[in-house]
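Participant: So here's final.txt (compact mmCIF, C-alpha atoms and all ligand atoms).
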# COMPACT_ATOMS: atom_id res chain seq x y z
CA MET A 225 -13.35 -8.13 17.37
CA SER A 226 -12.80 -11.82 18.17
CA LYS A 227 -11.09 -14.00 15.56
CA ALA A 228 -14.23 -16.18 15.26
CA ARG A 229 -16.41 -13.13 14.52
CA TRP A 230 -13.87 -11.78 12.05
CA LEU A 231 -13.80 -15.13 10.20
CA ALA A 232 -17.62 -15.33 10.15
CA GLU A 233 -17.84 -11.75 8.78
CA ARG A 234 -15.25 -12.54 6.13
CA ARG A 235 -17.13 -15.67 4.99
CA GLY A 236 -20.24 -13.54 4.43
CA ASP A 237 -18.36 -10.82 2.52
CA PRO A 238 -19.12 -10.97 -1.25
CA TRP A 239 -15.75 -9.37 -2.12
CA HIS A 240 -13.94 -12.08 -0.16
CA ARG A 241 -15.99 -14.81 -1.85
CA ARG A 242 -15.28 -13.26 -5.27
CA ALA A 243 -11.54 -13.10 -4.49
CA MET A 244 -11.48 -16.77 -3.52
CA ALA A 245 -13.44 -17.74 -6.67
CA GLU A 246 -11.13 -15.71 -8.96
CA GLY A 247 -7.87 -16.92 -7.37
CA TYR A 248 -6.86 -13.72 -5.53
CA PRO A 249 -5.43 -14.23 -2.02
CA SER A 250 -7.47 -11.26 -0.71
CA ARG A 251 -10.26 -8.79 -1.53
CA ALA A 252 -7.62 -6.02 -1.56
CA ALA A 253 -7.00 -7.01 -5.21
CA TYR A 254 -10.25 -5.23 -6.20
CA LYS A 255 -9.16 -2.03 -4.48
CA LEU A 256 -6.03 -1.86 -6.62
CA LEU A 257 -7.88 -2.94 -9.77
CA TYR A 258 -10.37 -0.09 -9.18
CA ILE A 259 -7.52 2.42 -8.82
CA GLN A 260 -5.73 0.97 -11.85
CA GLN A 261 -8.87 1.19 -14.02
CA ARG A 262 -9.28 4.89 -13.18
CA TYR A 263 -5.70 6.15 -13.01
CA GLY A 264 -3.57 3.56 -14.84
CA ILE A 265 -0.79 3.78 -12.24
CA LEU A 266 0.90 0.52 -13.30
CA GLU A 267 2.45 -0.35 -16.66
CA ARG A 268 4.05 -3.40 -18.19
CA GLY A 269 7.78 -3.57 -17.31
CA ASP A 270 7.46 -1.38 -14.20
CA VAL A 271 9.47 -1.92 -11.00
CA VAL A 272 6.95 -1.82 -8.15
CA VAL A 273 7.43 -1.71 -4.37
CA ASP A 274 4.49 -3.16 -2.44
CA ILE A 275 4.52 -2.37 1.30
CA GLY A 276 2.18 -4.49 3.41
CA SER A 277 1.82 -7.26 0.86
CA TRP A 278 0.51 -10.29 2.79
CA PRO A 279 -1.52 -12.27 1.78
CA GLY A 280 -1.01 -10.90 -1.73
CA GLY A 281 -4.20 -9.75 -3.47
CA MET A 282 -2.61 -6.52 -4.68
CA LEU A 283 0.68 -8.33 -5.28
CA LYS A 284 -1.01 -10.67 -7.79
CA VAL A 285 -2.54 -7.68 -9.64
CA GLU A 286 0.85 -5.92 -9.79
CA SER A 287 2.73 -9.06 -10.85
CA GLU A 288 0.28 -9.72 -13.69
CA ILE A 289 0.31 -6.12 -14.99
CA VAL A 290 4.10 -5.59 -14.94
CA GLY A 291 4.67 -9.02 -16.55
CA PRO A 292 7.94 -10.95 -16.88
CA GLU A 293 9.95 -7.83 -17.85
CA GLY A 294 8.86 -6.08 -14.64
CA LEU A 295 9.59 -6.68 -10.95
CA VAL A 296 7.63 -6.41 -7.73
CA VAL A 297 9.45 -6.05 -4.41
CA ALA A 298 7.07 -7.16 -1.64
CA VAL A 299 7.72 -5.95 1.91
CA ASP A 300 5.88 -7.38 4.92
CA LEU A 301 6.36 -8.93 8.34
CA ARG A 302 4.69 -12.08 6.92
CA GLU A 303 5.52 -13.98 3.75
CA PRO A 304 2.75 -13.51 1.14
CA VAL A 305 0.74 -16.50 -0.02
CA PHE A 306 1.10 -15.30 -3.64
CA ARG A 307 4.40 -16.14 -5.33
CA ALA A 308 5.66 -15.51 -8.86
CA GLU A 309 8.96 -15.35 -10.76
CA ASN A 310 8.78 -11.55 -10.94
CA VAL A 311 8.18 -11.09 -7.16
CA ARG A 312 10.97 -10.65 -4.60
CA PHE A 313 9.98 -10.84 -0.96
CA LEU A 314 11.64 -8.87 1.85
CA ARG A 315 10.54 -9.97 5.32
CA MET A 316 11.02 -6.62 7.04
CA ASP A 317 9.49 -4.11 9.36
CA VAL A 318 9.14 -1.06 7.11
CA GLU A 319 9.87 1.09 10.20
CA ASP A 320 13.38 -0.40 10.33
CA PRO A 321 15.84 2.36 9.32
CA ARG A 322 17.59 -0.17 7.03
CA ALA A 323 14.37 -0.76 5.04
CA THR A 324 15.05 1.84 2.32
CA ASP A 325 18.53 0.43 1.56
CA ALA A 326 17.16 -3.12 1.49
CA ILE A 327 14.34 -2.08 -0.87
CA LEU A 328 16.69 -0.24 -3.24
CA ASP A 329 18.96 -3.28 -3.24
CA ALA A 330 16.04 -5.60 -4.06
CA CYS A 331 15.04 -3.20 -6.90
CA GLY A 332 18.50 -3.77 -8.42
CA GLY A 333 19.97 -0.49 -7.19
CA GLU A 334 17.46 1.64 -9.12
CA ARG A 335 14.51 3.62 -7.78
CA CYS A 336 11.09 2.09 -8.45
CA ASP A 337 8.40 3.30 -10.87
CA VAL A 338 5.46 2.71 -8.52
CA LEU A 339 5.08 2.35 -4.75
CA VAL A 340 1.90 0.89 -3.23
CA SER A 341 1.42 0.87 0.54
CA ASP A 342 -1.53 -1.08 1.89
CA ALA A 343 0.19 -1.66 5.25
CA SER A 344 -2.01 -1.58 8.34
CA PRO A 345 -1.04 -2.11 11.96
CA LYS A 346 -2.76 -4.73 14.15
CA PHE A 347 -6.05 -3.18 15.23
CA THR A 348 -6.79 -2.77 18.93
CA GLY A 349 -10.51 -1.98 18.51
CA ALA A 350 -10.01 1.50 20.00
CA LYS A 351 -10.83 3.80 17.05
CA ASP A 352 -8.51 6.67 18.01
CA VAL A 353 -5.55 4.41 18.74
CA ASP A 354 -6.03 2.51 15.48
CA ALA A 355 -6.33 5.73 13.45
CA PHE A 356 -3.15 7.11 15.04
CA ASN A 357 -1.15 3.91 14.47
CA GLN A 358 -2.34 3.85 10.85
CA LEU A 359 -1.31 7.48 10.41
CA LEU A 360 2.21 6.71 11.66
CA LEU A 361 2.53 3.78 9.25
CA THR A 362 1.20 5.89 6.35
CA VAL A 363 3.73 8.64 7.12
CA ARG A 364 6.47 6.01 7.19
CA ALA A 365 5.39 4.79 3.74
CA VAL A 366 5.62 8.40 2.46
CA GLU A 367 9.15 8.64 3.95
CA VAL A 368 10.10 5.43 2.15
CA ALA A 369 8.65 6.74 -1.13
CA ASP A 370 10.84 9.82 -0.76
CA VAL A 371 13.92 7.63 -0.99
CA VAL A 372 12.92 4.75 -3.26
CA LEU A 373 10.40 6.24 -5.75
CA ALA A 374 11.80 7.59 -9.01
CA TRP A 375 11.16 11.08 -10.36
CA GLY A 376 7.85 10.92 -12.28
CA GLY A 377 6.79 7.76 -10.39
CA ASN A 378 3.32 6.99 -9.02
CA ALA A 379 2.30 6.07 -5.47
CA VAL A 380 -0.73 4.81 -3.57
CA PHE A 381 -0.91 5.11 0.23
CA LYS A 382 -3.61 3.60 2.43
CA ALA A 383 -4.81 5.80 5.29
CA PHE A 384 -7.76 6.29 7.60
CA ASP A 385 -9.67 9.53 7.39
CA CYS A 386 -8.68 11.47 10.51
CA PRO A 387 -8.16 15.15 11.45
CA GLU A 388 -4.41 14.99 10.67
CA LEU A 389 -4.82 13.49 7.18
CA PRO A 390 -5.26 16.81 5.30
CA VAL A 391 -1.71 17.75 6.38
CA VAL A 392 -0.36 14.65 4.64
CA GLU A 393 -2.60 15.27 1.62
CA GLN A 394 -1.44 18.86 1.28
CA ARG A 395 2.14 17.60 1.11
CA LEU A 396 1.27 14.98 -1.51
CA ARG A 397 -0.65 17.52 -3.60
CA ARG A 398 2.43 19.75 -3.66
CA SER A 399 4.85 16.94 -4.45
CA PHE A 400 3.06 15.07 -7.26
CA ARG A 401 1.69 16.23 -10.59
CA ALA A 402 -1.79 15.00 -9.63
CA TYR A 403 -3.42 13.81 -6.44
CA LYS A 404 -6.73 12.08 -5.70
CA ARG A 405 -8.33 10.69 -2.53
CA VAL A 406 -10.13 7.44 -3.45
CA VAL A 407 -12.62 5.26 -1.58
CA THR A 408 -12.79 1.90 -3.33
CA PRO A 409 -15.99 -0.21 -3.69
CA PRO A 410 -14.78 -3.01 -1.35
CA THR A 411 -14.12 -0.34 1.31
CA LEU A 412 -17.58 1.22 0.84
CA ARG A 413 -19.17 -2.14 1.56
CA LYS A 414 -17.27 -2.35 4.86
CA ARG A 415 -18.38 1.19 5.86
CA SER A 416 -14.87 1.93 7.12
CA SER A 417 -12.97 5.22 7.08
CA GLU A 418 -10.27 3.69 4.85
CA VAL A 419 -9.09 5.86 1.96
CA TYR A 420 -6.37 5.51 -0.67
CA MET A 421 -4.24 8.52 -1.53
CA VAL A 422 -3.41 8.18 -5.23
CA CYS A 423 -0.40 10.23 -6.37
CA ILE A 424 0.61 10.58 -10.02
CA GLY A 425 4.02 11.75 -11.22
CA LYS A 426 6.53 12.55 -8.46
CA ALA A 427 7.61 16.10 -9.18
CA ARG A 428 9.51 17.05 -6.01
CA GLU A 429 12.04 15.51 -3.63
CA GLY A 430 11.71 15.79 0.16
CA VAL A 431 7.98 14.94 0.19
CA SER A 432 8.12 13.77 3.80
CA GLU A 433 10.57 16.31 5.26
CA GLY A 434 9.28 17.36 8.71
CA LEU A 435 5.95 15.60 8.04
CA ARG A 436 6.15 13.30 11.08
CA GLU A 437 6.61 16.28 13.40
CA LEU A 438 3.62 18.03 11.78
CA VAL A 439 1.14 15.20 12.33
CA VAL A 440 2.28 13.68 15.66
C1 LIG B 1 -4.39 -5.22 5.05
S1 LIG B 1 -2.93 -6.23 5.07
C2 LIG B 1 -2.36 -6.02 3.43
C3 LIG B 1 -3.18 -6.72 2.38
C4 LIG B 1 -2.40 -6.89 1.10
N1 LIG B 1 -1.99 -5.61 0.53
C5 LIG B 1 -3.13 -7.67 0.05
O1 LIG B 1 -3.30 -7.14 -1.07
O2 LIG B 1 -3.50 -8.83 0.28
C6 LIG B 1 -1.80 -5.22 5.97
C7 LIG B 1 -0.39 -5.78 6.03
O3 LIG B 1 0.47 -4.77 6.56
C8 LIG B 1 1.55 -5.46 7.17
N2 LIG B 1 2.32 -4.57 8.07
C9 LIG B 1 1.87 -3.92 9.16
N3 LIG B 1 2.85 -3.23 9.75
C10 LIG B 1 3.97 -3.44 9.01
C11 LIG B 1 5.32 -3.00 9.11
N4 LIG B 1 5.70 -2.20 10.11
N5 LIG B 1 6.22 -3.43 8.20
C12 LIG B 1 5.83 -4.24 7.18
N6 LIG B 1 4.55 -4.68 7.03
C13 LIG B 1 3.62 -4.30 7.93
C14 LIG B 1 0.85 -6.58 7.94
O4 LIG B 1 1.75 -7.62 8.26
C15 LIG B 1 -0.25 -6.99 6.96
O5 LIG B 1 0.14 -8.11 6.22
Here is a file; write its structure as structure tokens.

Facilitator:
Amino acid sequence: MSKARWLAERRGDPWHRRAMAEGYPSRAAYKLLYIQQRYGILERGDVVVDIGSWPGGMLKVESEIVGPEGLVVAVDLREPVFRAENVRFLRMDVEDPRATDAILDACGGERCDVLVSDASPKFTGAKDVDAFNQLLLTVRAVEVADVVLAWGGNAVFKAFDCPELPVVEQRLRRSFRAYKRVVTPPTLRKRSSEVYMVCIGKAREGVSEGLRELVV
């Protein structure tokens, strides 16, 4: 899709217009708010890791819920538009092997309570290629959660529905107390194959062990 067409589509999108009117940097805020209303994954005082945080719709939701006693570590290749006292930004490629150490450092040496990954690669327009690249990034986010998410912690991973996804879901189902695949209202409007994998209560270590080899 050309940039001009993308901008025109975005201008006509009611979720985008609502986000601009309500002071959210992106419509993604409503995806997280929908998940939060149903599953209450975030609490005041939590330490949150947000992977793929630019421009910052979800980041603003997280920052407001965790409040001044909480912390949000934002990881992206681009600096988010949203800034707040309780947000620390790491300009990083999450695929970088040093990412987990840098994230733990930014969390103050402790594992986080919640990890949210809304990261998406640049889309090529070729459906299969885009789905595969998204799958790789989703698996990477699960690998990061293995290291940085505390026992009992919650996680949300964005993915595209694809034939390999049930393998990842099976792993998440086994590793968390509860698991749910969620399609949020802003996604429904876009008629995309985007889903959010909502995981409650980390109950096992080694969630991602051998997962990459299974799906690639
Ligand atoms: C859909 S946007 C995220 C929207 C954001 N969560 C919000 O609430 O506004 C996807 C983001 O993933 C980021 N991303 C893609 N690949 C990445 C990587 N390897 N490391 C870090 N961030 C990445 C992109 O830079 C982009 O900002």

Participant: Grab the CA of Ser416 in chain A to CA of Leu256 in chain A distance for me, in Å with one decimal place.

Facilitator: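 For CA of Ser416 in chain A relative to CA of Leu256 in chain A, the distance reads 16.8 Å.
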
Participant: Dump as a Markdown table the rows for residues of range 327-387 of chain A within 12 Å of range 296-314 of chain A: closest atom pair and distance in Å with one decimal, all atoms listed in the file counted, ordered by chain and rising residue number.

Facilitator:
| residue | atom | partner | partner_atom | distance |
| --- | --- | --- | --- | --- |
| A:Ile327 | CA | A:Val297 | CA | 7.2 |
| A:Leu328 | CA | A:Val297 | CA | 9.4 |
| A:Asp329 | CA | A:Val297 | CA | 10.0 |
| A:Ala330 | CA | A:Val297 | CA | 6.6 |
| A:Cys331 | CA | A:Val297 | CA | 6.8 |
| A:Gly332 | CA | A:Val297 | CA | 10.2 |
| A:Arg335 | CA | A:Val297 | CA | 11.4 |
| A:Cys336 | CA | A:Val296 | CA | 9.2 |
| A:Asp337 | CA | A:Val296 | CA | 10.2 |
| A:Val338 | CA | A:Val296 | CA | 9.4 |
| A:Leu339 | CA | A:Val297 | CA | 9.5 |
| A:Val340 | CA | A:Ala298 | CA | 9.7 |
| A:Ser341 | CA | A:Val299 | CA | 9.4 |
| A:Asp342 | CA | A:Asp300 | CA | 10.2 |
| A:Ala343 | CA | A:Asp300 | CA | 8.1 |
| A:Ser344 | CA | A:Asp300 | CA | 10.4 |
| A:Pro345 | CA | A:Leu301 | CA | 10.7 |
| A:Lys346 | CA | A:Leu301 | CA | 11.6 |
| A:Ala365 | CA | A:Val299 | CA | 11.1 |
| A:Val368 | CA | A:Val299 | CA | 11.6 |
| A:Val372 | CA | A:Val297 | CA | 11.4 |

Participant: Excluding Arg242 in chain A and residues on its chain fewer than 4 positions from it, collect all residues at most 12 Å away from it, counting only C-alpha atoms, and give them as an MDAnalysis selection string.

Facilitator: chainID A and resid 234:238 246:254 281 410

Participant: Find the distance between CA of Val440 in chain A and atom C12 of ligand LIG 1 (chain B) and write it in Å to one decimal.

Facilitator: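 These two atoms are separated by 20.1 Å.
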
Participant: Show which residues sit within 7 Å of Ile289 in chain A, as a list in words. Count all atoms listed in the file, and ignore same-chain residues fewer than 2 positions away.

Facilitator: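 That gives Leu266, Glu267, Arg268, Val285, Glu286, Ser287 and Gly291 of chain A.
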
Participant: For a test of reading the model, state the distance in Å between CA of Gly269 in chain A and CA of Ala374 in chain A, rounded to one decimal.

Facilitator: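 So the two atoms, CA of Gly269 in chain A and CA of Ala374 in chain A, lie 14.5 Å apart.
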
Participant: Have a look at A:Val371, A:Ala383, A:Val271, A:Ile265 and name the one nearest to ligand LIG 1 (chain B); count all atoms listed in the file.

Facilitator: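 Selected residue with least distance to ligand LIG 1 (chain B): A:Ala383.
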
Participant: With the input short on atoms, add N, CA and C atoms back to range 247-279 of chain A and write it as a PDB file, in the coordinates of the input.

Facilitator:
ATOM      1  N   GLY A 247      -9.282 -16.555  -7.620  1.00  0.00           N
ATOM      2  CA  GLY A 247      -7.870 -16.920  -7.370  1.00  0.00           C
ATOM      3  C   GLY A 247      -7.015 -15.794  -6.806  1.00  0.00           C
ATOM      4  N   TYR A 248      -7.639 -14.768  -6.200  1.00  0.00           N
ATOM      5  CA  TYR A 248      -6.860 -13.720  -5.530  1.00  0.00           C
ATOM      6  C   TYR A 248      -6.759 -14.055  -4.032  1.00  0.00           C
ATOM      7  N   PRO A 249      -5.579 -13.898  -3.439  1.00  0.00           N
ATOM      8  CA  PRO A 249      -5.430 -14.230  -2.020  1.00  0.00           C
ATOM      9  C   PRO A 249      -6.227 -13.306  -1.083  1.00  0.00           C
ATOM     10  N   SER A 250      -6.669 -12.149  -1.570  1.00  0.00           N
ATOM     11  CA  SER A 250      -7.470 -11.260  -0.710  1.00  0.00           C
ATOM     12  C   SER A 250      -8.314 -10.319  -1.541  1.00  0.00           C
ATOM     13  N   ARG A 251      -9.364  -9.767  -0.894  1.00  0.00           N
ATOM     14  CA  ARG A 251     -10.260  -8.790  -1.530  1.00  0.00           C
ATOM     15  C   ARG A 251      -9.552  -7.498  -1.890  1.00  0.00           C
ATOM     16  N   ALA A 252      -8.371  -7.255  -1.289  1.00  0.00           N
ATOM     17  CA  ALA A 252      -7.620  -6.020  -1.560  1.00  0.00           C
ATOM     18  C   ALA A 252      -7.304  -5.890  -3.054  1.00  0.00           C
ATOM     19  N   ALA A 253      -7.264  -7.025  -3.764  1.00  0.00           N
ATOM     20  CA  ALA A 253      -7.000  -7.010  -5.210  1.00  0.00           C
ATOM     21  C   ALA A 253      -7.959  -6.048  -5.915  1.00  0.00           C
ATOM     22  N   TYR A 254      -9.237  -6.054  -5.508  1.00  0.00           N
ATOM     23  CA  TYR A 254     -10.250  -5.230  -6.200  1.00  0.00           C
ATOM     24  C   TYR A 254     -10.073  -3.746  -5.899  1.00  0.00           C
ATOM     25  N   LYS A 255      -9.437  -3.441  -4.779  1.00  0.00           N
ATOM     26  CA  LYS A 255      -9.160  -2.030  -4.480  1.00  0.00           C
ATOM     27  C   LYS A 255      -8.122  -1.504  -5.475  1.00  0.00           C
ATOM     28  N   LEU A 256      -7.074  -2.299  -5.685  1.00  0.00           N
ATOM     29  CA  LEU A 256      -6.030  -1.860  -6.620  1.00  0.00           C
ATOM     30  C   LEU A 256      -6.537  -1.877  -8.064  1.00  0.00           C
ATOM     31  N   LEU A 257      -7.339  -2.883  -8.399  1.00  0.00           N
ATOM     32  CA  LEU A 257      -7.880  -2.940  -9.770  1.00  0.00           C
ATOM     33  C   LEU A 257      -8.752  -1.709 -10.046  1.00  0.00           C
ATOM     34  N   TYR A 258      -9.516  -1.287  -9.039  1.00  0.00           N
ATOM     35  CA  TYR A 258     -10.370  -0.090  -9.180  1.00  0.00           C
ATOM     36  C   TYR A 258      -9.499   1.144  -9.437  1.00  0.00           C
ATOM     37  N   ILE A 259      -8.432   1.275  -8.659  1.00  0.00           N
ATOM     38  CA  ILE A 259      -7.520   2.420  -8.820  1.00  0.00           C
ATOM     39  C   ILE A 259      -6.826   2.353 -10.183  1.00  0.00           C
ATOM     40  N   GLN A 260      -6.413   1.148 -10.565  1.00  0.00           N
ATOM     41  CA  GLN A 260      -5.730   0.970 -11.850  1.00  0.00           C
ATOM     42  C   GLN A 260      -6.647   1.331 -13.018  1.00  0.00           C
ATOM     43  N   GLN A 261      -7.923   0.897 -12.927  1.00  0.00           N
ATOM     44  CA  GLN A 261      -8.870   1.190 -14.020  1.00  0.00           C
ATOM     45  C   GLN A 261      -9.058   2.696 -14.198  1.00  0.00           C
ATOM     46  N   ARG A 262      -9.038   3.430 -13.098  1.00  0.00           N
ATOM     47  CA  ARG A 262      -9.280   4.890 -13.180  1.00  0.00           C
ATOM     48  C   ARG A 262      -8.024   5.701 -13.464  1.00  0.00           C
ATOM     49  N   TYR A 263      -6.896   5.297 -12.929  1.00  0.00           N
ATOM     50  CA  TYR A 263      -5.700   6.150 -13.010  1.00  0.00           C
ATOM     51  C   TYR A 263      -4.526   5.522 -13.739  1.00  0.00           C
ATOM     52  N   GLY A 264      -4.625   4.237 -14.081  1.00  0.00           N
ATOM     53  CA  GLY A 264      -3.570   3.560 -14.840  1.00  0.00           C
ATOM     54  C   GLY A 264      -2.180   3.766 -14.233  1.00  0.00           C
ATOM     55  N   ILE A 265      -2.057   3.494 -12.944  1.00  0.00           N
ATOM     56  CA  ILE A 265      -0.790   3.780 -12.240  1.00  0.00           C
ATOM     57  C   ILE A 265       0.316   2.780 -12.579  1.00  0.00           C
ATOM     58  N   LEU A 266      -0.079   1.579 -13.028  1.00  0.00           N
ATOM     59  CA  LEU A 266       0.900   0.520 -13.300  1.00  0.00           C
ATOM     60  C   LEU A 266       1.015   0.263 -14.791  1.00  0.00           C
ATOM     61  N   GLU A 267       2.254  -0.027 -15.236  1.00  0.00           N
ATOM     62  CA  GLU A 267       2.450  -0.350 -16.660  1.00  0.00           C
ATOM     63  C   GLU A 267       3.325  -1.581 -16.790  1.00  0.00           C
ATOM     64  N   ARG A 268       3.209  -2.235 -17.914  1.00  0.00           N
ATOM     65  CA  ARG A 268       4.050  -3.400 -18.190  1.00  0.00           C
ATOM     66  C   ARG A 268       5.528  -2.990 -18.072  1.00  0.00           C
ATOM     67  N   GLY A 269       6.338  -3.837 -17.430  1.00  0.00           N
ATOM     68  CA  GLY A 269       7.780  -3.570 -17.310  1.00  0.00           C
ATOM     69  C   GLY A 269       8.146  -2.716 -16.107  1.00  0.00           C
ATOM     70  N   ASP A 270       7.156  -2.225 -15.358  1.00  0.00           N
ATOM     71  CA  ASP A 270       7.460  -1.380 -14.200  1.00  0.00           C
ATOM     72  C   ASP A 270       8.162  -2.157 -13.081  1.00  0.00           C
ATOM     73  N   VAL A 271       8.943  -1.399 -12.282  1.00  0.00           N
ATOM     74  CA  VAL A 271       9.470  -1.920 -11.000  1.00  0.00           C
ATOM     75  C   VAL A 271       8.568  -1.334  -9.920  1.00  0.00           C
ATOM     76  N   VAL A 272       7.957  -2.235  -9.139  1.00  0.00           N
ATOM     77  CA  VAL A 272       6.950  -1.820  -8.150  1.00  0.00           C
ATOM     78  C   VAL A 272       7.417  -2.230  -6.747  1.00  0.00           C
ATOM     79  N   VAL A 273       7.202  -1.348  -5.777  1.00  0.00           N
ATOM     80  CA  VAL A 273       7.430  -1.710  -4.370  1.00  0.00           C
ATOM     81  C   VAL A 273       6.067  -1.777  -3.698  1.00  0.00           C
ATOM     82  N   ASP A 274       5.782  -2.929  -3.085  1.00  0.00           N
ATOM     83  CA  ASP A 274       4.490  -3.160  -2.440  1.00  0.00           C
ATOM     84  C   ASP A 274       4.727  -3.335  -0.942  1.00  0.00           C
ATOM     85  N   ILE A 275       4.302  -2.332  -0.166  1.00  0.00           N
ATOM     86  CA  ILE A 275       4.520  -2.370   1.300  1.00  0.00           C
ATOM     87  C   ILE A 275       3.239  -2.841   1.972  1.00  0.00           C
ATOM     88  N   GLY A 276       3.368  -3.910   2.780  1.00  0.00           N
ATOM     89  CA  GLY A 276       2.180  -4.490   3.410  1.00  0.00           C
ATOM     90  C   GLY A 276       1.524  -5.436   2.426  1.00  0.00           C
ATOM     91  N   SER A 277       2.269  -6.458   2.000  1.00  0.00           N
ATOM     92  CA  SER A 277       1.820  -7.260   0.860  1.00  0.00           C
ATOM     93  C   SER A 277       1.104  -8.555   1.207  1.00  0.00           C
ATOM     94  N   TRP A 278       1.198  -9.043   2.447  1.00  0.00           N
ATOM     95  CA  TRP A 278       0.510 -10.290   2.790  1.00  0.00           C
ATOM     96  C   TRP A 278      -0.999 -10.072   2.849  1.00  0.00           C
ATOM     97  N   PRO A 279      -1.844 -10.986   2.416  1.00  0.00           N
ATOM     98  CA  PRO A 279      -1.520 -12.270   1.780  1.00  0.00           C
ATOM     99  C   PRO A 279      -1.157 -12.166   0.293  1.00  0.00           C
TER     100      PRO A 279
END
